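See below for the structure under consideration.
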Amino acid sequence: MPKPRSTAISLLLAFGLLATAIGVAELRREDDAPSSTDSPTTRAGSDTPLTEPDAWTSPASPTPAALYYDRWETLTSQDGLPSDKVTVVLVDGENLWVGTDHGLALRRDSEWSYWTEDDGLGHRYVTSLSRDPRSGELWIATFGGLSRLSGGTIKNFTQLNSGLMNDVVYDVEVDGDFVCAATAAGTSCLDSRSGNWALYDHENSIMHEPWCYALTVGGGRLWIGVWGGGVVELDRKTGLWREYRDPDKEMEIDLMRDDGPLHDVTAFVSWDEGVLWQATYFGLSRFDGRRWTTYRKEDSGIPGNFINHVAARGHTAFLGTDEGFGVFDGTTSVAYKRQDDGRCEVTIQRNGEEPETKTLDSGPADNYVLWSEPGDNDVWVATGKGLSHGYAVADGLLTR
């Protein structure tokens, strides 16, 4: 069996998967009172389906993204981080939120604030962050449940006090009124207006198994990355499910290229502007609603096939792998690999051309990358040895 995203995850999953003895058909309110079976198909108090643009509508000019970052800085515990092992990063205006294996940190105006289990955080290991832009609430996925930070106060949601299906939470996404959490026993979606939960697993949805690793939303759809079940999609207008799995059913190789998702083992999913990316432990897949395209290190130049995380910006994918950080737009790949002397080897491969190699004086802190957060002309990269910040300074030829 392929290894999970990190060593810490693999150690905890052996126990987390045993903790799935919650009734998956049960829906709860926040206060544990009996609830109706409202789901994200409709808004609270209304029978009218959500009306959103089609998820596969692609803009004529996608949001541009820099591919080449030629200056790097790194923050570590010596600069204020609670740990050098950074698991997730979220940029919110002037706020820099950092999740680590030893709690949550916020840098604002050069000052740091911290939250640990002693401050009410569900668990010290933070796996994902998502902010509600309307309320300012921060939702924090941990190995001990789902935490909500609001007004300086933390409230925890667990499988014992809410509709959360398992306390091992890998990913959280805020989408309007709904907060969805991918857990080791299925996906739980909270309607923040009514307090109702909708629960999805292999018994009441199309997903092959309940081990949900990641979520992404857009255009009235929810996509769930399932560890051994590919990608499943919920159309919130119709309430209908669709499944995307590797048609050749081969777990060791990709028998036929571009016939569907590269592999059934999904590590992460990310959607933006009509394009869905699937990160796997065997390479990368791209879906535009009509056609799947698959990529591997050997044929595309992406830094590695074991991909922990993918972040979509426009039609560009930012990749965290076990062999370095990468940026890929479907035709051009830029792979960053730290060298033993601290410098960074950058390999640029354009479709159909020979690779070009450059050497930078600085680069990401480590080649094991767990998360990335792209900005307009910069990117934050979470690694096992600190949080790195890359700047696109000089080479405009690789900015599109």
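In the structure tokens, the first chain shown is A, the next is B, and so on; residue numbers restart at 1 for each chain, and ligands run from 1 in the order shown.
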
For stretch 271-281 of chain A, list every protein, DNA or RNA residue within 6 Å, evaluated using only C-alpha atoms, and leave out those in the same chain fewer than 2 positions away; present the list as a tab-separated table (two decimals) with C-alpha atoms, in the first residue's frame.
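Now in part.tsv:
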```
chain	number	residue	atom	x	y	z
A	55	ALA	CA	-18.35	24.37	-13.08
A	56	TRP	CA	-16.65	23.68	-16.41
A	57	THR	CA	-17.03	27.16	-17.88
A	58	SER	CA	-13.51	28.32	-18.64
A	265	VAL	CA	-5.40	6.65	-5.00
A	266	THR	CA	-6.18	10.36	-4.70
A	267	ALA	CA	-3.97	12.44	-2.41
A	268	PHE	CA	-5.54	15.83	-3.16
A	269	VAL	CA	-7.91	17.66	-5.52
A	283	GLY	CA	1.47	11.39	-10.97
A	284	LEU	CA	-0.98	14.19	-11.87
A	285	SER	CA	-4.32	14.35	-13.69
A	286	ARG	CA	-6.16	17.29	-15.28
A	287	PHE	CA	-9.88	17.36	-16.16
A	288	ASP	CA	-11.74	20.14	-17.98
A	305	ASN	CA	5.17	11.36	-9.07
A	306	PHE	CA	4.41	11.12	-5.34
A	307	ILE	CA	2.31	14.27	-5.02
A	312	ALA	CA	-5.00	25.41	-8.61
A	314	GLY	CA	-6.34	29.76	-13.02
```

Using only C-alpha atoms, determine which residues lie at most 8 Å from A:Leu360, disregarding the query and same-chain residues fewer than 3 positions distant; provide the list as a compact mmCIF listing (two decimals) with C-alpha atoms, in the first residue's frame.
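Generated output (around-v1.txt):
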```
# COMPACT_ATOMS: atom_id res chain seq x y z
CA ASP A 70 13.99 33.34 -8.51
CA ARG A 71 14.24 34.60 -4.93
CA ARG A 343 21.27 26.14 -3.51
CA CYS A 344 18.30 25.23 -5.71
CA GLU A 345 18.37 23.45 -9.04
CA VAL A 346 15.52 24.58 -11.28
CA GLY A 363 15.05 27.81 -2.86
```

Near-A:Ser188 list (6 Å; only C-alpha atoms; drop same-chain fewer than 2 positions) as a list in words
Leu164, Cys180, Ala181, Ala198 and Leu199 of chain A

As an exercise, work out the distance from atom CA of A:Ile140 to atom CA of A:Leu104 in Å and give it to one decimal place.
8.7 Å

Residues flagged strand (DSSP E or B) by DSSP in stretch 34-222 of chain A, as a PyMOL selection string
chain A and resi 34+42+49+66+71-75+86-92+95-100+103-108+111-115+126-131+138-142+145-150+153-157+169-175+178-183+186-191+197-200+212-218+221-222

Those residues with C-alpha atoms, as an mmCIF file, in the first residue's frame please?
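What ended up in result-v4.cif:
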```cif
data_model
loop_
_atom_site.group_PDB
_atom_site.id
_atom_site.type_symbol
_atom_site.label_atom_id
_atom_site.label_comp_id
_atom_site.auth_asym_id
_atom_site.auth_seq_id
_atom_site.Cartn_x
_atom_site.Cartn_y
_atom_site.Cartn_z
ATOM 1 C CA PRO A 34 -32.601 15.710 16.198
ATOM 2 C CA THR A 42 -30.742 23.482 -1.017
ATOM 3 C CA PRO A 49 -31.686 24.628 -5.520
ATOM 4 C CA ALA A 66 3.985 32.932 -12.255
ATOM 5 C CA ARG A 71 14.243 34.599 -4.934
ATOM 6 C CA TRP A 72 13.412 32.599 -1.802
ATOM 7 C CA GLU A 73 13.269 33.196 1.947
ATOM 8 C CA THR A 74 12.467 30.679 4.693
ATOM 9 C CA LEU A 75 10.848 30.994 8.122
ATOM 10 C CA VAL A 86 4.812 23.061 8.318
ATOM 11 C CA THR A 87 1.738 21.208 7.092
ATOM 12 C CA VAL A 88 -0.468 23.974 5.644
ATOM 13 C CA VAL A 89 -0.347 27.704 4.922
ATOM 14 C CA LEU A 90 -3.145 30.189 4.244
ATOM 15 C CA VAL A 91 -2.696 33.841 3.248
ATOM 16 C CA ASP A 92 -5.588 36.112 4.158
ATOM 17 C CA ASN A 95 -2.604 37.619 7.847
ATOM 18 C CA LEU A 96 -0.326 34.623 7.417
ATOM 19 C CA TRP A 97 -1.865 31.490 8.943
ATOM 20 C CA VAL A 98 0.496 28.541 9.413
ATOM 21 C CA GLY A 99 -0.481 25.018 10.457
ATOM 22 C CA THR A 100 2.212 22.746 11.856
ATOM 23 C CA GLY A 103 -0.260 23.807 16.504
ATOM 24 C CA LEU A 104 -1.490 26.870 14.640
ATOM 25 C CA ALA A 105 0.310 30.191 14.236
ATOM 26 C CA LEU A 106 -0.709 33.600 12.902
ATOM 27 C CA ARG A 107 1.682 36.313 11.792
ATOM 28 C CA ARG A 108 0.165 39.777 11.601
ATOM 29 C CA GLU A 111 3.765 39.720 15.504
ATOM 30 C CA TRP A 112 3.034 36.035 16.134
ATOM 31 C CA SER A 113 0.038 34.460 17.874
ATOM 32 C CA TYR A 114 -0.323 30.755 18.670
ATOM 33 C CA TRP A 115 -3.002 28.157 19.393
ATOM 34 C CA VAL A 126 -3.111 20.751 11.789
ATOM 35 C CA THR A 127 -3.880 19.351 8.340
ATOM 36 C CA SER A 128 -5.888 22.054 6.556
ATOM 37 C CA LEU A 129 -7.232 25.606 6.934
ATOM 38 C CA SER A 130 -10.165 27.430 5.341
ATOM 39 C CA ARG A 131 -11.504 30.897 6.117
ATOM 40 C CA LEU A 138 -11.212 30.220 10.467
ATOM 41 C CA TRP A 139 -11.923 26.488 10.184
ATOM 42 C CA ILE A 140 -9.066 24.215 11.206
ATOM 43 C CA ALA A 141 -8.805 20.526 10.291
ATOM 44 C CA THR A 142 -6.834 18.480 12.817
ATOM 45 C CA GLY A 145 -11.616 16.927 15.002
ATOM 46 C CA LEU A 146 -12.647 20.171 13.322
ATOM 47 C CA SER A 147 -11.937 23.446 15.149
ATOM 48 C CA ARG A 148 -13.555 26.828 14.495
ATOM 49 C CA LEU A 149 -11.702 29.983 15.528
ATOM 50 C CA SER A 150 -14.117 32.891 15.841
ATOM 51 C CA THR A 153 -12.547 31.614 20.758
ATOM 52 C CA ILE A 154 -12.183 28.024 19.586
ATOM 53 C CA LYS A 155 -15.100 25.619 19.308
ATOM 54 C CA ASN A 156 -14.412 21.968 18.500
ATOM 55 C CA PHE A 157 -16.586 19.615 16.482
ATOM 56 C CA VAL A 169 -9.882 15.312 9.436
ATOM 57 C CA TYR A 170 -7.664 15.721 6.384
ATOM 58 C CA ASP A 171 -9.211 18.714 4.662
ATOM 59 C CA VAL A 172 -11.812 21.439 5.225
ATOM 60 C CA GLU A 173 -13.463 23.781 2.713
ATOM 61 C CA VAL A 174 -15.821 26.700 3.329
ATOM 62 C CA ASP A 175 -18.252 27.218 0.465
ATOM 63 C CA PHE A 178 -21.506 25.164 3.989
ATOM 64 C CA VAL A 179 -18.415 23.842 5.740
ATOM 65 C CA CYS A 180 -17.303 20.456 4.430
ATOM 66 C CA ALA A 181 -14.748 18.197 6.083
ATOM 67 C CA ALA A 182 -12.996 15.187 4.525
ATOM 68 C CA THR A 183 -12.406 12.565 7.196
ATOM 69 C CA GLY A 186 -16.467 9.946 5.015
ATOM 70 C CA THR A 187 -17.338 13.554 4.288
ATOM 71 C CA SER A 188 -19.411 15.733 6.621
ATOM 72 C CA CYS A 189 -20.993 19.013 5.494
ATOM 73 C CA LEU A 190 -22.335 21.525 8.009
ATOM 74 C CA ASP A 191 -25.000 24.037 6.988
ATOM 75 C CA TRP A 197 -25.135 18.114 8.928
ATOM 76 C CA ALA A 198 -25.178 16.059 5.730
ATOM 77 C CA LEU A 199 -23.051 12.904 5.869
ATOM 78 C CA TYR A 200 -21.626 11.030 2.888
ATOM 79 C CA CYS A 212 -11.761 10.878 2.100
ATOM 80 C CA TYR A 213 -8.529 12.831 1.696
ATOM 81 C CA ALA A 214 -9.448 16.162 0.121
ATOM 82 C CA LEU A 215 -12.219 18.500 -1.015
ATOM 83 C CA THR A 216 -12.598 21.245 -3.587
ATOM 84 C CA VAL A 217 -15.632 23.313 -4.554
ATOM 85 C CA GLY A 218 -16.861 25.559 -7.330
ATOM 86 C CA ARG A 221 -20.260 21.230 -7.273
ATOM 87 C CA LEU A 222 -18.345 19.469 -4.532
#
```

Counting only C-alpha atoms, what is within 8 Å of A:Val232, bar same-chain residues fewer than 2 positions away, as a count of residues only?
13

Closest to A:His263 among A:Trp380, A:Trp211, A:Tyr295, A:Trp371, using only C-alpha atoms?
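Checking each of A:Trp380, A:Trp211, A:Tyr295, A:Trp371 against A:His263, counting only C-alpha atoms, the winner is A:Tyr295.
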
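Comparing the minimum interatomic distances between A:Thr347 and each of A:Tyr368, A:Glu209, A:Leu387, A:Tyr69, counting only C-alpha atoms, we find that A:Tyr69 sits nearest.
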
In Å to one decimal, how far is atom CA of A:Asp248 from atom CA of A:Asp264?
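Interatomic distance here is 10.2 Å.
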